[in-house]
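Peer 1: The structure follows.
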Amino acid sequence: MTGGGFPPTAVGEGGAAGPGAPAQGSAEGPDKAGRSRSARLDSLTGLRFGAALLVFFNHVGLPFPHLRLLESDSAAMNLFDVTGNAGALGVTFFFVLSGFVLTWSARERDTAARFMRRRLVKIYPNYVITWALALVLFASAYTTTGTAIANLFMVHVWVPDFDVFSSVNQPSWSLGCEAFFYACFPLLHSWFTRIRAEHLTYWIAAVTAGIIATPWAAYVFIADKPYFPGASLGATVSAEQYWFAYNLPVTRVLDFALGMLVAQAVIRGRWFNIGMVWSGVLLAGSYVLCSHVPFLYSQRSVTIIPIVLLIAAAATADIRGTTSWFRGRTMLWLGEISFAFYLVHFIVLTYMRKELEGTFSVAETTGLVALGLVISVLASWALYALVERPITRRFSSSRRARRAVAS
């Protein structure tokens with residue numbers, strides 16, 4: 001990634017920073033079709049907390065010893081049946097949304113260096129703090145020095161070893177993907193803005209087909225043994241298959257690129273909007289379908305189209321100013337702290353399980369999960385208010401750039 005400009009348009013100050021980051025960016029000025037892109041995408045900010053909450057409940061429902069609270073085997077498996085695919089849905093939503101919002105926020109006269117500075121300032125302080133916290137509280141007991149260092153520099157996701165790509169703070173693997181997406185964005189953005197508007201549909205269809213076909217490639221071309229830890233829950237795939245289809249940045253960049261292309265379609269008036277209600281209904285139906293398809297297909301292939309429809313519908317609602325529950329004050333606040341929540345919640349759940357003795361009834365578990373959720377929200381608020389927001393405001397641009405704005 002070089003420091004030159006991004007022709008013909010560039011990356012704005014707003015945009016998605018990764019899973020859980022605010023989606024309030026906007027780009028002033030008309031697009032090629034003459035429409036203003038000054039609308040704030042507040043509904044997408046609100047939706048972020050919903051996606052982060054799906055990841056939270058997925059981790060609550062995993063019946064592994066380091067997370068399980070329920071004493072009843074049947075209750076634990078019933079919970080997993082409901083929440084087992086929630087995390088994958090939430091992460092896929094984040095990846096698509098990240099591409100969408102960065103494209104929506106694109107401005108002229110930006111450089112790759114400025115863009116990367118903003119993204120790293122946005123995500124890395126929270127990342128380092130939660131990395132250190134996880135190591136201090138529990139992860140150092142079973143994490144090698146090399147793995148911890150790889151995790152710190154966000155390169156652990158490139159290693160097809162479950163103990164590496166899921167190391168330290170387990171959700172951190174997705175930030176390794178986001179770092180790769182950011183490196184790709186200037187080139188992809190320059191490329192996608194040159195696509196003729198009438199051809200966008202074909203590009204969107206092709207990338208969607210690539211996402212849907214990724215599990216097929218994993219099943220056909222990668223050995224299915226030895227099984228990865230999810231095999232005990234019926235996910236009979238190898239760690240390498242799982243990594244290729246779900247964790248590998250090169251395959252997950254398709255999700256990000258799809259979000260970029262859909263944003264182009266919305267900006268240029270080439271998107272057929274079905275509305276948030278019907279998009280939500282389709283997403284719920286696709287989630288149910290996930291329980292009835294082979295494991296790797298359930299991780300993103302089945303839900304990708306409804307996710308795209310919902311993101312585009314929410315953005316369209318904001319553009320038109322139509323009613324959206326996700327633009328409410330509470331949802332906006334939760335959306336703003338959702339990046340911190342995404343990184344904090346697994347630490348809270350894991351440390352709480354470590355400190356508690358025994359297992360618990362359904363009622364007791366419900367109370368403990370509610371407590372864990374409250375603690376996670378409060379800790380995320382503190383991290384956002386004391387670290388993320390002030391550091392972002394202070395260091396997102398250089399002193400020279402701030403002086404130029406002031407003058």
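Each chain in the structure tokens gets a letter, A, B and so on, in the order shown; residues start at 1 in every chain, and ligands are counted from 1 in the order they appear.
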I'd like the contact shell of segment 274-288 of chain A - 12 Å cut-off, only C-alpha atoms, skipping same-chain residues fewer than 2 positions apart - returned as an MDAnalysis selection string.
Peer 2: chainID A and resid 43:44 47 54 81:90 93 271:272 290:293 297:318 320 322:326
Peer 1: Mind listing the alpha helix (DSSP H) residues of segment 113-318 of chain A, per DSSP on the backbone, as a short mmCIF file (atom, residue, chain, number, x, y, z; two decimals) with N, CA and C atoms, in the first residue's frame?
Peer 2:
data_model
loop_
_atom_site.label_atom_id
_atom_site.label_comp_id
_atom_site.auth_asym_id
_atom_site.auth_seq_id
_atom_site.Cartn_x
_atom_site.Cartn_y
_atom_site.Cartn_z
N ALA A 113 -1.86 6.50 3.13
CA ALA A 113 -1.23 6.66 4.45
C ALA A 113 -2.20 7.27 5.45
N ARG A 114 -2.95 8.29 5.03
CA ARG A 114 -3.92 8.91 5.93
C ARG A 114 -5.04 7.93 6.28
N PHE A 115 -5.49 7.22 5.28
CA PHE A 115 -6.54 6.24 5.51
C PHE A 115 -6.10 5.19 6.53
N MET A 116 -4.92 4.62 6.33
CA MET A 116 -4.45 3.56 7.22
C MET A 116 -4.21 4.11 8.62
N ARG A 117 -3.76 5.32 8.73
CA ARG A 117 -3.59 5.94 10.04
C ARG A 117 -4.92 5.99 10.79
N ARG A 118 -5.96 6.46 10.12
CA ARG A 118 -7.27 6.56 10.77
C ARG A 118 -7.77 5.20 11.22
N ARG A 119 -7.61 4.20 10.36
CA ARG A 119 -8.12 2.88 10.70
C ARG A 119 -7.37 2.28 11.89
N LEU A 120 -6.03 2.41 11.89
CA LEU A 120 -5.25 1.83 12.98
C LEU A 120 -5.47 2.57 14.28
N VAL A 121 -5.58 3.89 14.22
CA VAL A 121 -5.87 4.66 15.42
C VAL A 121 -7.23 4.27 15.99
N LYS A 122 -8.14 3.93 15.12
CA LYS A 122 -9.48 3.55 15.55
C LYS A 122 -9.50 2.19 16.25
N ILE A 123 -8.80 1.21 15.70
CA ILE A 123 -8.96 -0.15 16.22
C ILE A 123 -7.83 -0.62 17.13
N TYR A 124 -6.61 -0.11 16.93
CA TYR A 124 -5.48 -0.77 17.58
C TYR A 124 -5.37 -0.49 19.08
N PRO A 125 -5.62 0.71 19.59
CA PRO A 125 -5.56 0.89 21.05
C PRO A 125 -6.49 -0.05 21.80
N ASN A 126 -7.75 -0.16 21.39
CA ASN A 126 -8.67 -1.11 22.03
C ASN A 126 -8.15 -2.54 21.91
N TYR A 127 -7.60 -2.85 20.75
CA TYR A 127 -7.11 -4.20 20.50
C TYR A 127 -5.97 -4.54 21.46
N VAL A 128 -5.01 -3.64 21.61
CA VAL A 128 -3.86 -3.91 22.48
C VAL A 128 -4.29 -4.03 23.93
N ILE A 129 -5.18 -3.17 24.38
CA ILE A 129 -5.64 -3.22 25.77
C ILE A 129 -6.34 -4.53 26.07
N THR A 130 -7.23 -4.96 25.18
CA THR A 130 -7.95 -6.22 25.44
C THR A 130 -7.03 -7.43 25.26
N TRP A 131 -6.04 -7.33 24.38
CA TRP A 131 -5.03 -8.39 24.25
C TRP A 131 -4.29 -8.58 25.56
N ALA A 132 -3.82 -7.47 26.15
CA ALA A 132 -3.09 -7.54 27.41
C ALA A 132 -3.98 -8.03 28.54
N LEU A 133 -5.21 -7.57 28.57
CA LEU A 133 -6.15 -7.96 29.63
C LEU A 133 -6.43 -9.45 29.59
N ALA A 134 -6.65 -9.98 28.39
CA ALA A 134 -6.90 -11.41 28.25
C ALA A 134 -5.70 -12.23 28.71
N LEU A 135 -4.50 -11.80 28.36
CA LEU A 135 -3.30 -12.52 28.79
C LEU A 135 -3.16 -12.51 30.30
N VAL A 136 -3.41 -11.38 30.93
CA VAL A 136 -3.26 -11.26 32.38
C VAL A 136 -4.30 -12.10 33.10
N LEU A 137 -5.52 -12.10 32.61
CA LEU A 137 -6.60 -12.76 33.34
C LEU A 137 -6.67 -14.27 33.12
N THR A 145 4.66 -17.75 23.79
CA THR A 145 5.11 -16.39 23.53
C THR A 145 4.97 -16.04 22.05
N GLY A 146 5.34 -16.96 21.16
CA GLY A 146 5.24 -16.71 19.74
C GLY A 146 3.81 -16.46 19.29
N THR A 147 2.88 -17.25 19.82
CA THR A 147 1.48 -17.07 19.48
C THR A 147 0.95 -15.74 20.00
N ALA A 148 1.34 -15.37 21.20
CA ALA A 148 0.90 -14.10 21.77
C ALA A 148 1.41 -12.92 20.95
N ILE A 149 2.64 -13.00 20.50
CA ILE A 149 3.20 -11.92 19.68
C ILE A 149 2.51 -11.85 18.32
N ALA A 150 2.27 -13.02 17.72
CA ALA A 150 1.55 -13.04 16.45
C ALA A 150 0.17 -12.42 16.61
N ASN A 151 -0.50 -12.72 17.71
CA ASN A 151 -1.81 -12.14 17.99
C ASN A 151 -1.72 -10.63 18.15
N LEU A 152 -0.69 -10.16 18.85
CA LEU A 152 -0.53 -8.73 19.06
C LEU A 152 -0.43 -7.98 17.75
N PHE A 162 -5.82 -24.01 14.82
CA PHE A 162 -6.90 -23.48 15.65
C PHE A 162 -6.38 -22.81 16.90
N ASP A 163 -5.35 -23.36 17.51
CA ASP A 163 -4.80 -22.78 18.73
C ASP A 163 -4.10 -21.46 18.49
N VAL A 164 -3.79 -21.15 17.24
CA VAL A 164 -3.17 -19.88 16.91
C VAL A 164 -4.21 -18.87 16.47
N PHE A 165 -5.04 -19.20 15.48
CA PHE A 165 -5.97 -18.20 14.96
C PHE A 165 -7.11 -17.88 15.92
N TRP A 173 -9.41 -12.62 15.93
CA TRP A 173 -9.04 -13.08 14.59
C TRP A 173 -9.67 -12.19 13.51
N SER A 174 -10.89 -11.71 13.78
CA SER A 174 -11.58 -10.91 12.76
C SER A 174 -10.91 -9.57 12.54
N LEU A 175 -10.20 -9.06 13.55
CA LEU A 175 -9.48 -7.80 13.36
C LEU A 175 -8.27 -8.01 12.46
N GLY A 176 -7.69 -9.21 12.49
CA GLY A 176 -6.64 -9.54 11.53
C GLY A 176 -7.16 -9.50 10.11
N CYS A 177 -8.40 -9.97 9.92
CA CYS A 177 -9.03 -9.87 8.60
C CYS A 177 -9.26 -8.41 8.21
N GLU A 178 -9.77 -7.62 9.16
CA GLU A 178 -10.04 -6.22 8.86
C GLU A 178 -8.78 -5.48 8.46
N ALA A 179 -7.65 -5.76 9.11
CA ALA A 179 -6.40 -5.11 8.74
C ALA A 179 -6.05 -5.41 7.28
N PHE A 180 -6.29 -6.64 6.86
CA PHE A 180 -6.05 -7.00 5.46
C PHE A 180 -7.03 -6.27 4.54
N PHE A 181 -8.28 -6.16 4.96
CA PHE A 181 -9.27 -5.44 4.15
C PHE A 181 -8.83 -3.99 3.94
N TYR A 182 -8.35 -3.36 4.99
CA TYR A 182 -7.92 -1.96 4.87
C TYR A 182 -6.78 -1.82 3.88
N ALA A 183 -5.86 -2.77 3.90
CA ALA A 183 -4.75 -2.72 2.95
C ALA A 183 -5.24 -2.87 1.52
N CYS A 184 -6.32 -3.63 1.33
CA CYS A 184 -6.87 -3.85 -0.01
C CYS A 184 -7.79 -2.72 -0.48
N PHE A 185 -8.33 -1.96 0.45
CA PHE A 185 -9.40 -1.03 0.11
C PHE A 185 -9.03 -0.02 -0.97
N PRO A 186 -7.87 0.67 -0.89
CA PRO A 186 -7.59 1.68 -1.93
C PRO A 186 -7.64 1.11 -3.35
N LEU A 187 -7.04 -0.06 -3.55
CA LEU A 187 -7.05 -0.67 -4.88
C LEU A 187 -8.46 -1.09 -5.28
N LEU A 188 -9.17 -1.76 -4.36
CA LEU A 188 -10.53 -2.19 -4.67
C LEU A 188 -11.45 -1.00 -4.96
N HIS A 189 -11.30 0.04 -4.19
CA HIS A 189 -12.16 1.22 -4.38
C HIS A 189 -11.92 1.86 -5.74
N SER A 190 -10.66 2.00 -6.09
CA SER A 190 -10.33 2.56 -7.40
C SER A 190 -10.89 1.70 -8.52
N TRP A 191 -10.83 0.40 -8.32
CA TRP A 191 -11.32 -0.56 -9.32
C TRP A 191 -12.84 -0.48 -9.42
N PHE A 192 -13.53 -0.53 -8.29
CA PHE A 192 -14.98 -0.62 -8.31
C PHE A 192 -15.64 0.67 -8.79
N LEU A 200 -22.93 -3.36 -12.43
CA LEU A 200 -22.76 -3.65 -11.02
C LEU A 200 -23.49 -4.93 -10.59
N THR A 201 -24.65 -5.16 -11.17
CA THR A 201 -25.42 -6.36 -10.81
C THR A 201 -24.63 -7.63 -11.07
N TYR A 202 -23.92 -7.67 -12.18
CA TYR A 202 -23.14 -8.86 -12.52
C TYR A 202 -21.97 -9.05 -11.55
N TRP A 203 -21.34 -7.94 -11.17
CA TRP A 203 -20.24 -8.03 -10.21
C TRP A 203 -20.73 -8.50 -8.84
N ILE A 204 -21.85 -7.96 -8.41
CA ILE A 204 -22.42 -8.36 -7.12
C ILE A 204 -22.78 -9.85 -7.15
N ALA A 205 -23.38 -10.29 -8.25
CA ALA A 205 -23.74 -11.71 -8.37
C ALA A 205 -22.50 -12.60 -8.36
N ALA A 206 -21.44 -12.17 -9.03
CA ALA A 206 -20.23 -12.98 -9.12
C ALA A 206 -19.55 -13.11 -7.75
N VAL A 207 -19.45 -12.02 -7.02
CA VAL A 207 -18.82 -12.07 -5.70
C VAL A 207 -19.68 -12.88 -4.73
N THR A 208 -20.99 -12.72 -4.81
CA THR A 208 -21.89 -13.53 -3.96
C THR A 208 -21.72 -15.01 -4.26
N ALA A 209 -21.62 -15.35 -5.54
CA ALA A 209 -21.40 -16.75 -5.91
C ALA A 209 -20.09 -17.27 -5.36
N GLY A 210 -19.05 -16.42 -5.36
CA GLY A 210 -17.77 -16.82 -4.80
C GLY A 210 -17.85 -17.12 -3.31
N ILE A 211 -18.61 -16.30 -2.59
CA ILE A 211 -18.80 -16.53 -1.16
C ILE A 211 -19.54 -17.84 -0.92
N ILE A 212 -20.60 -18.07 -1.66
CA ILE A 212 -21.40 -19.27 -1.49
C ILE A 212 -20.60 -20.52 -1.84
N ALA A 213 -19.69 -20.38 -2.81
CA ALA A 213 -18.91 -21.54 -3.27
C ALA A 213 -17.68 -21.84 -2.42
N THR A 214 -17.29 -20.93 -1.54
CA THR A 214 -16.09 -21.14 -0.73
C THR A 214 -16.15 -22.42 0.09
N PRO A 215 -17.24 -22.73 0.78
CA PRO A 215 -17.31 -24.00 1.51
C PRO A 215 -17.15 -25.21 0.60
N TRP A 216 -17.73 -25.15 -0.58
CA TRP A 216 -17.58 -26.26 -1.53
C TRP A 216 -16.11 -26.51 -1.81
N ALA A 217 -15.35 -25.43 -2.06
CA ALA A 217 -13.93 -25.59 -2.33
C ALA A 217 -13.21 -26.19 -1.13
N ALA A 218 -13.60 -25.79 0.06
CA ALA A 218 -12.96 -26.33 1.26
C ALA A 218 -13.25 -27.82 1.41
N TYR A 219 -14.49 -28.22 1.17
CA TYR A 219 -14.87 -29.63 1.28
C TYR A 219 -14.17 -30.49 0.23
N VAL A 220 -14.01 -29.95 -0.97
CA VAL A 220 -13.50 -30.74 -2.09
C VAL A 220 -11.97 -30.82 -2.09
N PHE A 221 -11.30 -29.71 -1.80
CA PHE A 221 -9.86 -29.64 -2.03
C PHE A 221 -9.00 -29.71 -0.77
N ALA A 239 -9.45 -28.41 10.90
CA ALA A 239 -9.11 -27.02 11.23
C ALA A 239 -8.75 -26.24 9.98
N GLU A 240 -8.09 -26.92 9.03
CA GLU A 240 -7.71 -26.25 7.79
C GLU A 240 -8.93 -25.90 6.95
N GLN A 241 -9.92 -26.79 6.87
CA GLN A 241 -11.15 -26.46 6.14
C GLN A 241 -11.87 -25.28 6.77
N TYR A 242 -11.99 -25.33 8.08
CA TYR A 242 -12.66 -24.26 8.81
C TYR A 242 -11.94 -22.94 8.61
N PRO A 249 -8.18 -14.38 5.67
CA PRO A 249 -8.49 -13.06 5.12
C PRO A 249 -8.71 -13.04 3.61
N VAL A 250 -7.99 -13.88 2.88
CA VAL A 250 -8.12 -13.88 1.41
C VAL A 250 -9.51 -14.32 0.98
N THR A 251 -10.13 -15.24 1.70
CA THR A 251 -11.49 -15.65 1.35
C THR A 251 -12.54 -14.70 1.95
N ARG A 252 -12.26 -14.17 3.15
CA ARG A 252 -13.24 -13.27 3.77
C ARG A 252 -13.25 -11.89 3.14
N VAL A 253 -12.22 -11.53 2.36
CA VAL A 253 -12.25 -10.25 1.69
C VAL A 253 -13.38 -10.18 0.67
N LEU A 254 -13.91 -11.34 0.27
CA LEU A 254 -15.07 -11.34 -0.61
C LEU A 254 -16.28 -10.69 0.07
N ASP A 255 -16.45 -10.92 1.36
CA ASP A 255 -17.55 -10.30 2.10
C ASP A 255 -17.40 -8.78 2.07
N PHE A 256 -16.18 -8.33 2.35
CA PHE A 256 -15.87 -6.91 2.36
C PHE A 256 -16.10 -6.29 0.97
N ALA A 257 -15.63 -6.97 -0.07
CA ALA A 257 -15.80 -6.48 -1.44
C ALA A 257 -17.27 -6.41 -1.82
N LEU A 258 -18.05 -7.39 -1.36
CA LEU A 258 -19.48 -7.37 -1.64
C LEU A 258 -20.13 -6.14 -1.04
N GLY A 259 -19.76 -5.81 0.20
CA GLY A 259 -20.29 -4.60 0.81
C GLY A 259 -19.93 -3.36 0.01
N MET A 260 -18.71 -3.31 -0.51
CA MET A 260 -18.29 -2.18 -1.33
C MET A 260 -19.13 -2.06 -2.60
N LEU A 261 -19.36 -3.19 -3.25
CA LEU A 261 -20.12 -3.17 -4.50
C LEU A 261 -21.58 -2.79 -4.27
N VAL A 262 -22.16 -3.29 -3.18
CA VAL A 262 -23.55 -2.94 -2.88
C VAL A 262 -23.65 -1.44 -2.56
N ALA A 263 -22.66 -0.91 -1.87
CA ALA A 263 -22.66 0.54 -1.62
C ALA A 263 -22.63 1.31 -2.93
N GLN A 264 -21.82 0.86 -3.89
CA GLN A 264 -21.80 1.51 -5.20
C GLN A 264 -23.18 1.47 -5.85
N ALA A 265 -23.85 0.33 -5.71
CA ALA A 265 -25.18 0.20 -6.32
C ALA A 265 -26.17 1.14 -5.67
N VAL A 266 -26.13 1.27 -4.34
CA VAL A 266 -27.03 2.18 -3.64
C VAL A 266 -26.72 3.62 -4.02
N ILE A 267 -25.45 3.99 -4.02
CA ILE A 267 -25.03 5.35 -4.36
C ILE A 267 -25.49 5.74 -5.76
N MET A 276 -36.54 -2.88 5.30
CA MET A 276 -35.91 -3.51 6.45
C MET A 276 -36.73 -4.67 7.01
N VAL A 277 -38.04 -4.56 6.95
CA VAL A 277 -38.89 -5.62 7.53
C VAL A 277 -38.70 -6.92 6.77
N TRP A 278 -38.86 -6.87 5.45
CA TRP A 278 -38.72 -8.09 4.66
C TRP A 278 -37.28 -8.60 4.68
N SER A 279 -36.32 -7.71 4.72
CA SER A 279 -34.93 -8.14 4.84
C SER A 279 -34.70 -8.87 6.15
N GLY A 280 -35.28 -8.34 7.23
CA GLY A 280 -35.17 -8.99 8.53
C GLY A 280 -35.84 -10.36 8.55
N VAL A 281 -36.99 -10.46 7.90
CA VAL A 281 -37.69 -11.75 7.83
C VAL A 281 -36.84 -12.77 7.08
N LEU A 282 -36.28 -12.37 5.96
CA LEU A 282 -35.42 -13.27 5.19
C LEU A 282 -34.17 -13.68 5.99
N LEU A 283 -33.62 -12.74 6.74
CA LEU A 283 -32.44 -13.06 7.55
C LEU A 283 -32.79 -14.06 8.64
N ALA A 284 -33.92 -13.87 9.28
CA ALA A 284 -34.35 -14.82 10.31
C ALA A 284 -34.57 -16.20 9.70
N GLY A 285 -35.21 -16.25 8.53
CA GLY A 285 -35.43 -17.53 7.86
C GLY A 285 -34.14 -18.20 7.46
N SER A 286 -33.19 -17.43 7.00
CA SER A 286 -31.91 -18.01 6.60
C SER A 286 -31.16 -18.55 7.81
N TYR A 287 -31.33 -17.89 8.97
CA TYR A 287 -30.67 -18.37 10.18
C TYR A 287 -31.23 -19.74 10.59
N VAL A 288 -32.53 -19.90 10.48
CA VAL A 288 -33.14 -21.20 10.77
C VAL A 288 -32.60 -22.26 9.81
N LEU A 289 -32.46 -21.88 8.54
CA LEU A 289 -31.97 -22.82 7.53
C LEU A 289 -30.54 -23.27 7.83
N CYS A 290 -29.77 -22.43 8.50
CA CYS A 290 -28.37 -22.78 8.82
C CYS A 290 -28.26 -24.09 9.59
N PHE A 295 -22.06 -27.85 7.80
CA PHE A 295 -21.54 -26.85 8.74
C PHE A 295 -20.93 -25.64 8.05
N LEU A 296 -20.01 -25.82 7.13
CA LEU A 296 -19.33 -24.67 6.54
C LEU A 296 -20.27 -23.76 5.77
N TYR A 297 -21.32 -24.31 5.18
CA TYR A 297 -22.30 -23.47 4.49
C TYR A 297 -23.08 -22.61 5.48
N SER A 298 -23.25 -23.11 6.70
CA SER A 298 -24.00 -22.37 7.70
C SER A 298 -23.25 -21.14 8.20
N ILE A 304 -25.66 -14.75 3.59
CA ILE A 304 -25.00 -13.60 2.98
C ILE A 304 -25.97 -12.71 2.21
N ILE A 305 -26.90 -13.28 1.47
CA ILE A 305 -27.83 -12.45 0.69
C ILE A 305 -28.76 -11.65 1.59
N PRO A 306 -29.40 -12.27 2.60
CA PRO A 306 -30.23 -11.46 3.51
C PRO A 306 -29.44 -10.38 4.25
N ILE A 307 -28.19 -10.66 4.61
CA ILE A 307 -27.36 -9.64 5.26
C ILE A 307 -27.20 -8.42 4.36
N VAL A 308 -26.89 -8.67 3.10
CA VAL A 308 -26.72 -7.57 2.13
C VAL A 308 -28.02 -6.80 1.98
N LEU A 309 -29.12 -7.50 1.88
CA LEU A 309 -30.42 -6.83 1.73
C LEU A 309 -30.73 -5.94 2.92
N LEU A 310 -30.42 -6.42 4.14
CA LEU A 310 -30.71 -5.64 5.35
C LEU A 310 -29.83 -4.41 5.43
N ILE A 311 -28.55 -4.54 5.14
CA ILE A 311 -27.64 -3.39 5.20
C ILE A 311 -28.08 -2.32 4.19
N ALA A 312 -28.36 -2.73 2.98
CA ALA A 312 -28.79 -1.77 1.97
C ALA A 312 -30.12 -1.13 2.33
N ALA A 313 -31.03 -1.92 2.91
CA ALA A 313 -32.34 -1.38 3.30
C ALA A 313 -32.20 -0.37 4.43
N ALA A 314 -31.32 -0.66 5.40
CA ALA A 314 -31.11 0.28 6.51
C ALA A 314 -30.48 1.58 6.01
N ALA A 315 -29.52 1.47 5.11
CA ALA A 315 -28.91 2.67 4.54
C ALA A 315 -29.93 3.47 3.75
N THR A 316 -30.77 2.80 2.99
CA THR A 316 -31.80 3.48 2.22
C THR A 316 -32.79 4.19 3.13
N ALA A 317 -33.14 3.56 4.25
CA ALA A 317 -34.04 4.20 5.21
C ALA A 317 -33.44 5.49 5.75
N ASP A 318 -32.13 5.47 6.01
CA ASP A 318 -31.47 6.69 6.49
C ASP A 318 -31.41 7.77 5.41
#
Peer 1: Return the single residue from A:Leu41, A:Met331, A:Leu69, A:Leu371 that is closest to Arg353 of chain A, with distances computed using only C-alpha atoms.
Peer 2: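 Of A:Leu41, A:Met331, A:Leu69, A:Leu371, the one nearest Arg353 of chain A is A:Leu69, counting only C-alpha atoms.
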Peer 1: I need the residue nearest Val344 of chain A from this list: A:Pro226, A:Pro171, A:Gly46, A:Gly321. Use only C-alpha atoms for the distance.
Peer 2: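 Using only C-alpha atoms, Val344 of chain A sits closest to A:Pro171.
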Peer 1: Would you please work out which residue, of A:Arg270, A:Thr45, A:Ala52, A:Thr359, is nearest to Leu343 of chain A when using only C-alpha atoms?
Peer 2: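 Closest residue, counting only C-alpha atoms: A:Ala52.
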Peer 1: From the options A:Phe360, A:Phe228, A:Tyr246, A:Tyr384, which residue's atoms come nearest to Phe341 of chain A, counting only C-alpha atoms?
Peer 2: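 That would be A:Tyr384, the residue with the smallest distance to Phe341 of chain A.
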Peer 1: Between atom CA of Phe80 of chain A and atom CA of Pro63 of chain A, what is the distance, to one decimal in Å?
Peer 2: 7.0 Å
Peer 1: Rounded to one decimal in Å, what is the spacing between atom CA of Ala112 of chain A and atom CA of Ile337 of chain A?
Peer 2: 26.5 Å
Peer 1: Looking at A:Leu70, A:Ala75, A:Val348, A:Leu356, which one is nearest to Val377 of chain A, with distances taken over only C-alpha atoms?
Peer 2: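 When distances to Val377 of chain A are compared using only C-alpha atoms, the smallest one comes from A:Val348.
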